[in-house]
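The structure appears right after this line, and notes come after that.
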Amino acid sequence: MNINSLIDKCLYKLSLIRHHWGFYFSQRRLLKYGNTPRLTKTEKKELQNTWDAITFRHIDYIWYRIYKRERGFSPFFLGEMQVWYMLEKLNPYDQVVSLQNKALCDVYFPQIPYPRTIIRCINGTLYSREMHMITINDALTLIHEVDSFIIKPSIETLQGKGVKKINSASINNIEELKTLFHSIGQDFILQHVIKQHPDIAKLNPTSLNTCRITSILLNDQFQTSTNIKIGKLNSIKDNWNSSYFINVDKNGYFSEFGYDYYLNRVYQTDNGFTFKGLKIPFYDKMLEFVERTHRSLFPQCGVIGWDITIDENNEISVIELNLTCPGIAVEQLVSGDFLRPLAKDINNAMKLRNYHTYRKHIL
């Protein structure tokens, strides 16, 4: 083994240690670690046998204990740290990271019905929807052609950080627009506000309430799981830290309860709609679109987290795709062990993981 390979492996091990302890301390505080049942020796052995590509450590069992408390033990569940192992092989980082630039997604994939772009900023340069370079004066003119718009960072975003809904009339001059742009950074996008289907909008009128459909494509096998994310009262976002996650069954119906960010069970929206009995409109249309698009446009991606909704014209609107961090652990807690049908294939794929690629991703 040469010195560069040795350094690579040492750095890889160090990065794993950092991630293990990072997950441990953050989740121990967030997920009420002390109120969860411990795994038995038999359960730990069953877990290791199911995922023998992974070496489990004591600090890795937090999510498994949470899952056991909420849904009962399942060896087919994968915790947060173990999801990184899975994504390393199923979603090769060097192949998928550039596809997540929100300011370019509609350029890369015009077949996908993203919200209509108004302005995009790439490396500090402003562009029109058609990818023509524009001035700040042009940008001011464009935003005043709409009543309001969504502005958000286009790269390295988590949990809706930096997303804002702006009333165009509040931007009166170029200096105010420059201040807004400066607050977002060098890479961002302005989009039209989507008007949702009334059955979805009523759940929280101030936020865009989307379905998170997780699709898994492996060896021509296809599997999905769906949660709906409903924003809290007055929130403009439906990210997990500002919303409720509720499971949606194969027919589009809500489960009886969902979870908030601190894993408290919630049975109704903040404006009084009971989850049980509610249904996603045009749910079959969503599922057909997700499978067709995953297979035809993203065959190199094993796992995709789709944020998708239905607009007022009964058409699909895709808010974004999550390729590098689709949040599988929380979705399993809400939806169940949906990895079960592909567990054997996923485990075999993880055995072939590329240490160098993974190290570059998480350092």
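Each chain of the structure tokens is named A, B, ... in the order shown, its residues numbered from 1; ligands are numbered from 1 in display order.
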Which parts of region 282-348 of chain A does DSSP call alpha helix (DSSP H) when run on the backbone here, written out as a PDB file with all heavy atoms, in the first residue's frame?
```pdb
ATOM      1  N   TYR A 283     -53.086  11.110  -6.931  1.00  0.00           N
ATOM      2  CA  TYR A 283     -51.917  10.423  -6.378  1.00  0.00           C
ATOM      3  C   TYR A 283     -51.341   9.410  -7.375  1.00  0.00           C
ATOM      4  O   TYR A 283     -50.118   9.299  -7.524  1.00  0.00           O
ATOM      5  CB  TYR A 283     -52.303   9.724  -5.076  1.00  0.00           C
ATOM      6  CG  TYR A 283     -51.159   9.040  -4.381  1.00  0.00           C
ATOM      7  CD1 TYR A 283     -50.030   9.750  -3.973  1.00  0.00           C
ATOM      8  CD2 TYR A 283     -51.202   7.671  -4.125  1.00  0.00           C
ATOM      9  CE1 TYR A 283     -48.977   9.120  -3.327  1.00  0.00           C
ATOM     10  CE2 TYR A 283     -50.161   7.036  -3.471  1.00  0.00           C
ATOM     11  CZ  TYR A 283     -49.049   7.760  -3.079  1.00  0.00           C
ATOM     12  OH  TYR A 283     -48.011   7.133  -2.444  1.00  0.00           O
ATOM     13  N   ASP A 284     -52.200   8.688  -8.069  1.00  0.00           N
ATOM     14  CA  ASP A 284     -51.722   7.724  -9.074  1.00  0.00           C
ATOM     15  C   ASP A 284     -50.894   8.420 -10.148  1.00  0.00           C
ATOM     16  O   ASP A 284     -49.897   7.874 -10.644  1.00  0.00           O
ATOM     17  CB  ASP A 284     -52.899   6.991  -9.733  1.00  0.00           C
ATOM     18  CG  ASP A 284     -53.576   6.010  -8.794  1.00  0.00           C
ATOM     19  OD1 ASP A 284     -52.968   5.690  -7.747  1.00  0.00           O
ATOM     20  OD2 ASP A 284     -54.713   5.592  -9.076  1.00  0.00           O
ATOM     21  N   LYS A 285     -51.305   9.616 -10.508  1.00  0.00           N
ATOM     22  CA  LYS A 285     -50.589  10.401 -11.513  1.00  0.00           C
ATOM     23  C   LYS A 285     -49.181  10.732 -11.021  1.00  0.00           C
ATOM     24  O   LYS A 285     -48.211  10.686 -11.790  1.00  0.00           O
ATOM     25  CB  LYS A 285     -51.378  11.679 -11.794  1.00  0.00           C
ATOM     26  CG  LYS A 285     -50.885  12.528 -12.948  1.00  0.00           C
ATOM     27  CD  LYS A 285     -51.843  13.696 -13.168  1.00  0.00           C
ATOM     28  CE  LYS A 285     -51.430  14.543 -14.358  1.00  0.00           C
ATOM     29  NZ  LYS A 285     -52.394  15.662 -14.586  1.00  0.00           N
ATOM     30  N   MET A 286     -49.061  11.070  -9.743  1.00  0.00           N
ATOM     31  CA  MET A 286     -47.749  11.336  -9.155  1.00  0.00           C
ATOM     32  C   MET A 286     -46.847  10.111  -9.235  1.00  0.00           C
ATOM     33  O   MET A 286     -45.685  10.192  -9.653  1.00  0.00           O
ATOM     34  CB  MET A 286     -47.898  11.732  -7.685  1.00  0.00           C
ATOM     35  CG  MET A 286     -48.346  13.140  -7.404  1.00  0.00           C
ATOM     36  SD  MET A 286     -48.213  13.411  -5.603  1.00  0.00           S
ATOM     37  CE  MET A 286     -48.960  15.018  -5.469  1.00  0.00           C
ATOM     38  N   LEU A 287     -47.364   8.968  -8.800  1.00  0.00           N
ATOM     39  CA  LEU A 287     -46.555   7.751  -8.760  1.00  0.00           C
ATOM     40  C   LEU A 287     -46.091   7.334 -10.153  1.00  0.00           C
ATOM     41  O   LEU A 287     -44.943   6.916 -10.342  1.00  0.00           O
ATOM     42  CB  LEU A 287     -47.343   6.610  -8.111  1.00  0.00           C
ATOM     43  CG  LEU A 287     -47.667   6.755  -6.626  1.00  0.00           C
ATOM     44  CD1 LEU A 287     -48.421   5.529  -6.129  1.00  0.00           C
ATOM     45  CD2 LEU A 287     -46.402   6.957  -5.807  1.00  0.00           C
ATOM     46  N   GLU A 288     -46.990   7.453 -11.128  1.00  0.00           N
ATOM     47  CA  GLU A 288     -46.616   7.091 -12.503  1.00  0.00           C
ATOM     48  C   GLU A 288     -45.520   8.006 -13.015  1.00  0.00           C
ATOM     49  O   GLU A 288     -44.555   7.552 -13.647  1.00  0.00           O
ATOM     50  CB  GLU A 288     -47.860   7.184 -13.396  1.00  0.00           C
ATOM     51  CG  GLU A 288     -47.650   6.688 -14.823  1.00  0.00           C
ATOM     52  CD  GLU A 288     -46.987   7.720 -15.747  1.00  0.00           C
ATOM     53  OE1 GLU A 288     -47.217   8.938 -15.518  1.00  0.00           O
ATOM     54  OE2 GLU A 288     -46.240   7.308 -16.661  1.00  0.00           O
ATOM     55  N   PHE A 289     -45.636   9.294 -12.726  1.00  0.00           N
ATOM     56  CA  PHE A 289     -44.618  10.257 -13.156  1.00  0.00           C
ATOM     57  C   PHE A 289     -43.272   9.951 -12.510  1.00  0.00           C
ATOM     58  O   PHE A 289     -42.222   9.972 -13.179  1.00  0.00           O
ATOM     59  CB  PHE A 289     -45.051  11.676 -12.795  1.00  0.00           C
ATOM     60  CG  PHE A 289     -43.978  12.705 -12.990  1.00  0.00           C
ATOM     61  CD1 PHE A 289     -43.760  13.275 -14.230  1.00  0.00           C
ATOM     62  CD2 PHE A 289     -43.161  13.082 -11.931  1.00  0.00           C
ATOM     63  CE1 PHE A 289     -42.744  14.206 -14.415  1.00  0.00           C
ATOM     64  CE2 PHE A 289     -42.151  14.014 -12.105  1.00  0.00           C
ATOM     65  CZ  PHE A 289     -41.938  14.572 -13.349  1.00  0.00           C
ATOM     66  N   VAL A 290     -43.260   9.687 -11.210  1.00  0.00           N
ATOM     67  CA  VAL A 290     -42.012   9.429 -10.491  1.00  0.00           C
ATOM     68  C   VAL A 290     -41.300   8.204 -11.050  1.00  0.00           C
ATOM     69  O   VAL A 290     -40.085   8.254 -11.316  1.00  0.00           O
ATOM     70  CB  VAL A 290     -42.295   9.259  -8.980  1.00  0.00           C
ATOM     71  CG1 VAL A 290     -41.102   8.623  -8.271  1.00  0.00           C
ATOM     72  CG2 VAL A 290     -42.625  10.609  -8.348  1.00  0.00           C
ATOM     73  N   GLU A 291     -42.014   7.118 -11.250  1.00  0.00           N
ATOM     74  CA  GLU A 291     -41.345   5.918 -11.757  1.00  0.00           C
ATOM     75  C   GLU A 291     -40.827   6.128 -13.180  1.00  0.00           C
ATOM     76  O   GLU A 291     -39.679   5.785 -13.499  1.00  0.00           O
ATOM     77  CB  GLU A 291     -42.281   4.711 -11.735  1.00  0.00           C
ATOM     78  CG  GLU A 291     -41.606   3.457 -12.277  1.00  0.00           C
ATOM     79  CD  GLU A 291     -42.365   2.181 -12.003  1.00  0.00           C
ATOM     80  OE1 GLU A 291     -43.482   2.243 -11.422  1.00  0.00           O
ATOM     81  OE2 GLU A 291     -41.850   1.099 -12.374  1.00  0.00           O
ATOM     82  N   ARG A 292     -41.660   6.711 -14.041  1.00  0.00           N
ATOM     83  CA  ARG A 292     -41.243   6.923 -15.431  1.00  0.00           C
ATOM     84  C   ARG A 292     -40.020   7.846 -15.498  1.00  0.00           C
ATOM     85  O   ARG A 292     -39.065   7.583 -16.241  1.00  0.00           O
ATOM     86  CB  ARG A 292     -42.417   7.524 -16.216  1.00  0.00           C
ATOM     87  CG  ARG A 292     -42.059   8.023 -17.608  1.00  0.00           C
ATOM     88  CD  ARG A 292     -43.299   8.356 -18.417  1.00  0.00           C
ATOM     89  NE  ARG A 292     -44.258   9.145 -17.680  1.00  0.00           N
ATOM     90  CZ  ARG A 292     -44.218  10.470 -17.536  1.00  0.00           C
ATOM     91  NH1 ARG A 292     -43.207  11.157 -18.082  1.00  0.00           N
ATOM     92  NH2 ARG A 292     -45.159  11.113 -16.868  1.00  0.00           N
ATOM     93  N   THR A 293     -40.036   8.910 -14.706  1.00  0.00           N
ATOM     94  CA  THR A 293     -38.949   9.888 -14.773  1.00  0.00           C
ATOM     95  C   THR A 293     -37.677   9.362 -14.127  1.00  0.00           C
ATOM     96  O   THR A 293     -36.570   9.613 -14.624  1.00  0.00           O
ATOM     97  CB  THR A 293     -39.383  11.203 -14.108  1.00  0.00           C
ATOM     98  OG1 THR A 293     -40.635  11.622 -14.667  1.00  0.00           O
ATOM     99  CG2 THR A 293     -38.353  12.294 -14.329  1.00  0.00           C
ATOM    100  N   HIS A 294     -37.812   8.649 -13.022  1.00  0.00           N
ATOM    101  CA  HIS A 294     -36.626   8.055 -12.386  1.00  0.00           C
ATOM    102  C   HIS A 294     -35.939   7.100 -13.353  1.00  0.00           C
ATOM    103  O   HIS A 294     -34.720   7.158 -13.546  1.00  0.00           O
ATOM    104  CB  HIS A 294     -37.035   7.315 -11.109  1.00  0.00           C
ATOM    105  CG  HIS A 294     -35.878   6.915 -10.250  1.00  0.00           C
ATOM    106  ND1 HIS A 294     -35.997   6.638  -8.909  1.00  0.00           N
ATOM    107  CD2 HIS A 294     -34.558   6.713 -10.533  1.00  0.00           C
ATOM    108  CE1 HIS A 294     -34.812   6.320  -8.405  1.00  0.00           C
ATOM    109  NE2 HIS A 294     -33.938   6.334  -9.379  1.00  0.00           N
ATOM    110  N   ARG A 295     -36.703   6.241 -13.984  1.00  0.00           N
ATOM    111  CA  ARG A 295     -36.124   5.248 -14.909  1.00  0.00           C
ATOM    112  C   ARG A 295     -35.501   5.903 -16.146  1.00  0.00           C
ATOM    113  O   ARG A 295     -34.433   5.485 -16.605  1.00  0.00           O
ATOM    114  CB  ARG A 295     -37.196   4.250 -15.339  1.00  0.00           C
ATOM    115  CG  ARG A 295     -37.637   3.274 -14.251  1.00  0.00           C
ATOM    116  CD  ARG A 295     -38.670   2.298 -14.798  1.00  0.00           C
ATOM    117  NE  ARG A 295     -39.118   1.334 -13.805  1.00  0.00           N
ATOM    118  CZ  ARG A 295     -38.490   0.193 -13.494  1.00  0.00           C
ATOM    119  NH1 ARG A 295     -37.348  -0.106 -14.121  1.00  0.00           N
ATOM    120  NH2 ARG A 295     -38.981  -0.621 -12.593  1.00  0.00           N
ATOM    121  N   SER A 296     -36.139   6.931 -16.667  1.00  0.00           N
ATOM    122  CA  SER A 296     -35.687   7.481 -17.954  1.00  0.00           C
ATOM    123  C   SER A 296     -34.598   8.544 -17.821  1.00  0.00           C
ATOM    124  O   SER A 296     -33.750   8.680 -18.706  1.00  0.00           O
ATOM    125  CB  SER A 296     -36.878   8.073 -18.714  1.00  0.00           C
ATOM    126  OG  SER A 296     -37.465   9.140 -17.995  1.00  0.00           O
ATOM    127  N   LEU A 297     -34.590   9.301 -16.713  1.00  0.00           N
ATOM    128  CA  LEU A 297     -33.648  10.414 -16.587  1.00  0.00           C
ATOM    129  C   LEU A 297     -32.553  10.190 -15.547  1.00  0.00           C
ATOM    130  O   LEU A 297     -31.496  10.821 -15.631  1.00  0.00           O
ATOM    131  CB  LEU A 297     -34.398  11.708 -16.245  1.00  0.00           C
ATOM    132  CG  LEU A 297     -35.391  12.230 -17.276  1.00  0.00           C
ATOM    133  CD1 LEU A 297     -35.989  13.553 -16.804  1.00  0.00           C
ATOM    134  CD2 LEU A 297     -34.741  12.404 -18.640  1.00  0.00           C
ATOM    135  N   ILE A 328     -33.745   9.480   4.447  1.00  0.00           N
ATOM    136  CA  ILE A 328     -34.406   8.182   4.511  1.00  0.00           C
ATOM    137  C   ILE A 328     -34.811   7.766   5.924  1.00  0.00           C
ATOM    138  O   ILE A 328     -35.844   7.133   6.127  1.00  0.00           O
ATOM    139  CB  ILE A 328     -33.487   7.092   3.909  1.00  0.00           C
ATOM    140  CG1 ILE A 328     -33.181   7.410   2.451  1.00  0.00           C
ATOM    141  CG2 ILE A 328     -34.123   5.721   4.016  1.00  0.00           C
ATOM    142  CD1 ILE A 328     -34.369   7.345   1.544  1.00  0.00           C
ATOM    143  N   ALA A 329     -34.019   8.099   6.933  1.00  0.00           N
ATOM    144  CA  ALA A 329     -34.300   7.625   8.293  1.00  0.00           C
ATOM    145  C   ALA A 329     -35.666   8.096   8.780  1.00  0.00           C
ATOM    146  O   ALA A 329     -36.478   7.314   9.276  1.00  0.00           O
ATOM    147  CB  ALA A 329     -33.194   8.062   9.249  1.00  0.00           C
ATOM    148  N   VAL A 330     -35.939   9.392   8.655  1.00  0.00           N
ATOM    149  CA  VAL A 330     -37.219   9.935   9.103  1.00  0.00           C
ATOM    150  C   VAL A 330     -38.367   9.333   8.302  1.00  0.00           C
ATOM    151  O   VAL A 330     -39.420   8.999   8.853  1.00  0.00           O
ATOM    152  CB  VAL A 330     -37.234  11.469   8.975  1.00  0.00           C
ATOM    153  CG1 VAL A 330     -38.600  12.026   9.318  1.00  0.00           C
ATOM    154  CG2 VAL A 330     -36.172  12.082   9.885  1.00  0.00           C
ATOM    155  N   GLU A 331     -38.172   9.170   7.007  1.00  0.00           N
ATOM    156  CA  GLU A 331     -39.246   8.646   6.168  1.00  0.00           C
ATOM    157  C   GLU A 331     -39.591   7.205   6.519  1.00  0.00           C
ATOM    158  O   GLU A 331     -40.761   6.802   6.458  1.00  0.00           O
ATOM    159  CB  GLU A 331     -38.854   8.773   4.699  1.00  0.00           C
ATOM    160  CG  GLU A 331     -38.864  10.228   4.246  1.00  0.00           C
ATOM    161  CD  GLU A 331     -38.012  10.478   3.025  1.00  0.00           C
ATOM    162  OE1 GLU A 331     -37.943   9.584   2.163  1.00  0.00           O
ATOM    163  OE2 GLU A 331     -37.396  11.563   2.954  1.00  0.00           O
ATOM    164  N   GLN A 332     -38.589   6.412   6.910  1.00  0.00           N
ATOM    165  CA  GLN A 332     -38.873   5.047   7.358  1.00  0.00           C
ATOM    166  C   GLN A 332     -39.683   5.054   8.647  1.00  0.00           C
ATOM    167  O   GLN A 332     -40.589   4.238   8.837  1.00  0.00           O
ATOM    168  CB  GLN A 332     -37.574   4.281   7.600  1.00  0.00           C
ATOM    169  CG  GLN A 332     -36.775   3.974   6.353  1.00  0.00           C
ATOM    170  CD  GLN A 332     -35.417   3.405   6.715  1.00  0.00           C
ATOM    171  OE1 GLN A 332     -35.241   2.197   6.774  1.00  0.00           O
ATOM    172  NE2 GLN A 332     -34.461   4.288   6.972  1.00  0.00           N
ATOM    173  N   LEU A 333     -39.346   5.979   9.538  1.00  0.00           N
ATOM    174  CA  LEU A 333     -40.083   6.064  10.796  1.00  0.00           C
ATOM    175  C   LEU A 333     -41.557   6.354  10.535  1.00  0.00           C
ATOM    176  O   LEU A 333     -42.442   5.777  11.159  1.00  0.00           O
ATOM    177  CB  LEU A 333     -39.489   7.168  11.674  1.00  0.00           C
ATOM    178  CG  LEU A 333     -40.163   7.367  13.032  1.00  0.00           C
ATOM    179  CD1 LEU A 333     -39.932   6.161  13.928  1.00  0.00           C
ATOM    180  CD2 LEU A 333     -39.678   8.637  13.698  1.00  0.00           C
ATOM    181  N   VAL A 334     -41.830   7.228   9.584  1.00  0.00           N
ATOM    182  CA  VAL A 334     -43.207   7.615   9.284  1.00  0.00           C
ATOM    183  C   VAL A 334     -43.920   6.550   8.452  1.00  0.00           C
ATOM    184  O   VAL A 334     -45.095   6.247   8.695  1.00  0.00           O
ATOM    185  CB  VAL A 334     -43.222   8.972   8.535  1.00  0.00           C
ATOM    186  CG1 VAL A 334     -44.640   9.366   8.152  1.00  0.00           C
ATOM    187  CG2 VAL A 334     -42.600  10.056   9.409  1.00  0.00           C
ATOM    188  N   SER A 335     -43.201   5.960   7.479  1.00  0.00           N
ATOM    189  CA  SER A 335     -43.846   5.075   6.511  1.00  0.00           C
ATOM    190  C   SER A 335     -43.644   3.582   6.786  1.00  0.00           C
ATOM    191  O   SER A 335     -44.334   2.758   6.190  1.00  0.00           O
ATOM    192  CB  SER A 335     -43.322   5.376   5.100  1.00  0.00           C
ATOM    193  OG  SER A 335     -43.638   6.686   4.723  1.00  0.00           O
ATOM    194  N   ALA A 343     -33.772  -5.017   0.457  1.00  0.00           N
ATOM    195  CA  ALA A 343     -32.710  -5.037   1.467  1.00  0.00           C
ATOM    196  C   ALA A 343     -31.509  -5.876   1.034  1.00  0.00           C
ATOM    197  O   ALA A 343     -30.355  -5.460   1.197  1.00  0.00           O
ATOM    198  CB  ALA A 343     -33.263  -5.543   2.796  1.00  0.00           C
ATOM    199  N   LYS A 344     -31.749  -7.028   0.480  1.00  0.00           N
ATOM    200  CA  LYS A 344     -30.648  -7.903   0.074  1.00  0.00           C
ATOM    201  C   LYS A 344     -29.803  -7.252  -1.013  1.00  0.00           C
ATOM    202  O   LYS A 344     -28.564  -7.273  -0.951  1.00  0.00           O
ATOM    203  CB  LYS A 344     -31.195  -9.246  -0.411  1.00  0.00           C
ATOM    204  CG  LYS A 344     -30.101 -10.258  -0.773  1.00  0.00           C
ATOM    205  CD  LYS A 344     -30.709 -11.601  -1.161  1.00  0.00           C
ATOM    206  CE  LYS A 344     -29.606 -12.608  -1.520  1.00  0.00           C
ATOM    207  NZ  LYS A 344     -30.196 -13.928  -1.899  1.00  0.00           N
ATOM    208  N   ASP A 345     -30.447  -6.652  -1.998  1.00  0.00           N
ATOM    209  CA  ASP A 345     -29.708  -5.999  -3.087  1.00  0.00           C
ATOM    210  C   ASP A 345     -28.973  -4.757  -2.594  1.00  0.00           C
ATOM    211  O   ASP A 345     -27.845  -4.485  -3.021  1.00  0.00           O
ATOM    212  CB  ASP A 345     -30.674  -5.617  -4.215  1.00  0.00           C
ATOM    213  CG  ASP A 345     -31.245  -6.831  -4.916  1.00  0.00           C
ATOM    214  OD1 ASP A 345     -30.457  -7.638  -5.432  1.00  0.00           O
ATOM    215  OD2 ASP A 345     -32.480  -6.982  -4.942  1.00  0.00           O
ATOM    216  N   ILE A 346     -29.607  -3.995  -1.700  1.00  0.00           N
ATOM    217  CA  ILE A 346     -28.947  -2.812  -1.141  1.00  0.00           C
ATOM    218  C   ILE A 346     -27.716  -3.214  -0.354  1.00  0.00           C
ATOM    219  O   ILE A 346     -26.641  -2.614  -0.465  1.00  0.00           O
ATOM    220  CB  ILE A 346     -29.930  -2.025  -0.256  1.00  0.00           C
ATOM    221  CG1 ILE A 346     -31.040  -1.402  -1.108  1.00  0.00           C
ATOM    222  CG2 ILE A 346     -29.198  -0.930   0.531  1.00  0.00           C
ATOM    223  CD1 ILE A 346     -32.170  -0.799  -0.295  1.00  0.00           C
ATOM    224  N   ASN A 347     -27.852  -4.249   0.452  1.00  0.00           N
ATOM    225  CA  ASN A 347     -26.731  -4.728   1.257  1.00  0.00           C
ATOM    226  C   ASN A 347     -25.574  -5.182   0.382  1.00  0.00           C
ATOM    227  O   ASN A 347     -24.406  -4.859   0.644  1.00  0.00           O
ATOM    228  CB  ASN A 347     -27.197  -5.869   2.156  1.00  0.00           C
ATOM    229  CG  ASN A 347     -26.150  -6.299   3.157  1.00  0.00           C
ATOM    230  OD1 ASN A 347     -25.802  -5.552   4.054  1.00  0.00           O
ATOM    231  ND2 ASN A 347     -25.616  -7.495   2.985  1.00  0.00           N
ATOM    232  N   ASN A 348     -25.875  -5.896  -0.679  1.00  0.00           N
ATOM    233  CA  ASN A 348     -24.813  -6.351  -1.593  1.00  0.00           C
ATOM    234  C   ASN A 348     -24.126  -5.181  -2.276  1.00  0.00           C
ATOM    235  O   ASN A 348     -22.911  -5.200  -2.491  1.00  0.00           O
ATOM    236  CB  ASN A 348     -25.400  -7.304  -2.637  1.00  0.00           C
ATOM    237  CG  ASN A 348     -25.789  -8.644  -2.060  1.00  0.00           C
ATOM    238  OD1 ASN A 348     -25.263  -9.056  -1.016  1.00  0.00           O
ATOM    239  ND2 ASN A 348     -26.708  -9.336  -2.704  1.00  0.00           N
TER     240      ASN A 348
END
```
Please, which residues of region 55-249 of chain A, numbered as in this document, come out strand (DSSP E or B) from DSSP, as an NGL selection string? :A and (117-122 or 125-128 or 133 or 148-153 or 164-167 or 188-192 or 196 or 210-218 or 221-231 or 243-248)
Would you list the contacts of Ser243 (chain A) as a list in words, taking every protein, DNA or RNA residue within 10 Å and counting only C-alpha atoms, but skipping same-chain residues closer than 2 positions in sequence?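 Final neighbour list, sorted by chain and number: Asn204, Ser207, Asn209, Ile228, Lys229, Ile230, Gly231, Lys232, Leu233, Ser235, Ile236, Lys237, Asp238, Asn239, Trp240, Asn241, Phe245, Ile246, Tyr259, Asp260, Tyr261, Thr269 and Asp270 of chain A.
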How about saving the chosen residues, C-alpha atoms kept, as a CSV table (one decimal), in the first residue's frame?
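Ended up saving to again.csv:
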```
chain,number,residue,atom,x,y,z
A,204,ASN,CA,-52.0,25.0,5.5
A,207,SER,CA,-47.0,26.9,2.9
A,209,ASN,CA,-47.5,21.3,1.1
A,228,ILE,CA,-46.9,14.4,2.9
A,229,LYS,CA,-45.2,17.4,4.5
A,230,ILE,CA,-47.7,19.9,5.9
A,231,GLY,CA,-46.4,23.3,7.1
A,232,LYS,CA,-47.2,24.5,10.6
A,233,LEU,CA,-49.4,27.5,11.2
A,235,SER,CA,-45.1,28.8,8.0
A,236,ILE,CA,-44.2,29.3,4.3
A,237,LYS,CA,-42.1,26.1,4.2
A,238,ASP,CA,-42.9,22.5,4.6
A,239,ASN,CA,-39.4,21.3,5.5
A,240,TRP,CA,-39.3,18.9,8.5
A,241,ASN,CA,-38.1,21.6,11.0
A,245,PHE,CA,-44.7,14.4,8.3
A,246,ILE,CA,-47.6,12.0,7.7
A,259,TYR,CA,-44.7,13.5,13.5
A,260,ASP,CA,-43.3,16.9,14.2
A,261,TYR,CA,-39.5,17.7,14.2
A,269,THR,CA,-53.2,20.2,11.0
A,270,ASP,CA,-52.8,23.4,12.9
```
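Look at Arg65 (chain A): the protein and nucleic acid residues within 6 Å of it, using only C-alpha atoms and passing over chain neighbours fewer than 2 places away, are Thr36, Pro37, Ile62, Trp63, Tyr67 and Lys68 of chain A.
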Same residues, N, CA and C atoms, output as a short mmCIF file (atom, residue, chain, number, x, y, z; two decimals), in the first residue's frame:
```cif
data_model
loop_
_atom_site.label_atom_id
_atom_site.label_comp_id
_atom_site.auth_asym_id
_atom_site.auth_seq_id
_atom_site.Cartn_x
_atom_site.Cartn_y
_atom_site.Cartn_z
N THR A 36 -36.33 5.47 25.09
CA THR A 36 -36.46 4.44 24.06
C THR A 36 -36.01 3.08 24.58
N PRO A 37 -36.65 2.00 24.12
CA PRO A 37 -36.24 0.66 24.57
C PRO A 37 -34.91 0.26 23.94
N ILE A 62 -29.20 4.58 18.05
CA ILE A 62 -30.21 5.55 18.46
C ILE A 62 -31.47 5.46 17.61
N TRP A 63 -31.30 5.56 16.29
CA TRP A 63 -32.47 5.52 15.40
C TRP A 63 -33.20 4.18 15.50
N TYR A 67 -37.08 3.73 16.33
CA TYR A 67 -37.99 2.97 15.47
C TYR A 67 -38.71 1.87 16.27
N LYS A 68 -37.96 1.20 17.14
CA LYS A 68 -38.55 0.15 17.97
C LYS A 68 -39.64 0.72 18.87
#
```
Fewer than 3 positions away in the same chain doesn't count, so skip those; otherwise give me all residues within 8 Å of region 151-156 of chain A, counting only C-alpha atoms, as a PyMOL selection string. chain A and resi 100-103+161-166+184-185+187-191
Counting only C-alpha atoms, what is within 9 Å of Tyr114 (chain A), bar same-chain residues fewer than 2 positions away, as a PyMOL selection string? chain A and resi 105-106+110-112+116-117+316-320
Can you build me a table of region 64-148 of chain A residues sitting at most 10 Å from region 42-60 of chain A, with the closest atom pair per residue and its distance in Å to one decimal, using only C-alpha atoms, sorted by chain and residue number, as CSV?
```
residue,atom,partner,partner_atom,distance
A:Tyr64,CA,A:Asp60,CA,8.0
A:Arg65,CA,A:Asp60,CA,9.7
A:Phe73,CA,A:Glu43,CA,7.7
A:Ser74,CA,A:Leu47,CA,8.0
A:Pro75,CA,A:Leu47,CA,4.6
A:Phe76,CA,A:Thr50,CA,7.0
A:Phe77,CA,A:Leu47,CA,8.5
A:Leu78,CA,A:Trp51,CA,8.8
A:Gly79,CA,A:Asp60,CA,7.4
A:Glu80,CA,A:Asp60,CA,8.4
A:Met81,CA,A:Asp60,CA,7.0
A:Gln82,CA,A:Ile54,CA,7.4
A:Tyr85,CA,A:Ile54,CA,7.9
A:Met86,CA,A:Ile54,CA,9.7
```
Env of Asn137 (chain A): 10 Å cut, atoms = only C-alpha atoms, seq-sep filter 6 positions within chain, self excluded. Answer as a PyMOL selection string. chain A and resi 173-174+177
With all heavy atoms kept, could you save the residues just selected as a PDB file, in the first residue's frame?
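In the end it all went to part_4.pdb:
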```
ATOM      1  N   ASN A 173     -36.622  49.624  -5.400  1.00  0.00           N
ATOM      2  CA  ASN A 173     -35.514  50.151  -6.187  1.00  0.00           C
ATOM      3  C   ASN A 173     -34.367  49.152  -6.251  1.00  0.00           C
ATOM      4  O   ASN A 173     -34.415  48.096  -5.617  1.00  0.00           O
ATOM      5  CB  ASN A 173     -35.025  51.487  -5.600  1.00  0.00           C
ATOM      6  CG  ASN A 173     -34.676  51.372  -4.120  1.00  0.00           C
ATOM      7  OD1 ASN A 173     -33.841  50.556  -3.740  1.00  0.00           O
ATOM      8  ND2 ASN A 173     -35.318  52.190  -3.293  1.00  0.00           N
ATOM      9  N   ILE A 174     -33.358  49.489  -7.012  1.00  0.00           N
ATOM     10  CA  ILE A 174     -32.231  48.586  -7.249  1.00  0.00           C
ATOM     11  C   ILE A 174     -31.466  48.293  -5.961  1.00  0.00           C
ATOM     12  O   ILE A 174     -31.028  47.151  -5.736  1.00  0.00           O
ATOM     13  CB  ILE A 174     -31.298  49.179  -8.324  1.00  0.00           C
ATOM     14  CG1 ILE A 174     -31.977  49.100  -9.695  1.00  0.00           C
ATOM     15  CG2 ILE A 174     -29.952  48.446  -8.351  1.00  0.00           C
ATOM     16  CD1 ILE A 174     -31.189  49.755 -10.805  1.00  0.00           C
ATOM     17  N   LEU A 177     -33.192  45.643  -4.053  1.00  0.00           N
ATOM     18  CA  LEU A 177     -33.029  44.350  -4.711  1.00  0.00           C
ATOM     19  C   LEU A 177     -31.625  43.796  -4.469  1.00  0.00           C
ATOM     20  O   LEU A 177     -31.446  42.606  -4.214  1.00  0.00           O
ATOM     21  CB  LEU A 177     -33.305  44.483  -6.209  1.00  0.00           C
ATOM     22  CG  LEU A 177     -33.315  43.167  -7.003  1.00  0.00           C
ATOM     23  CD1 LEU A 177     -34.363  42.212  -6.446  1.00  0.00           C
ATOM     24  CD2 LEU A 177     -33.564  43.431  -8.477  1.00  0.00           C
TER      25      LEU A 177
END
```
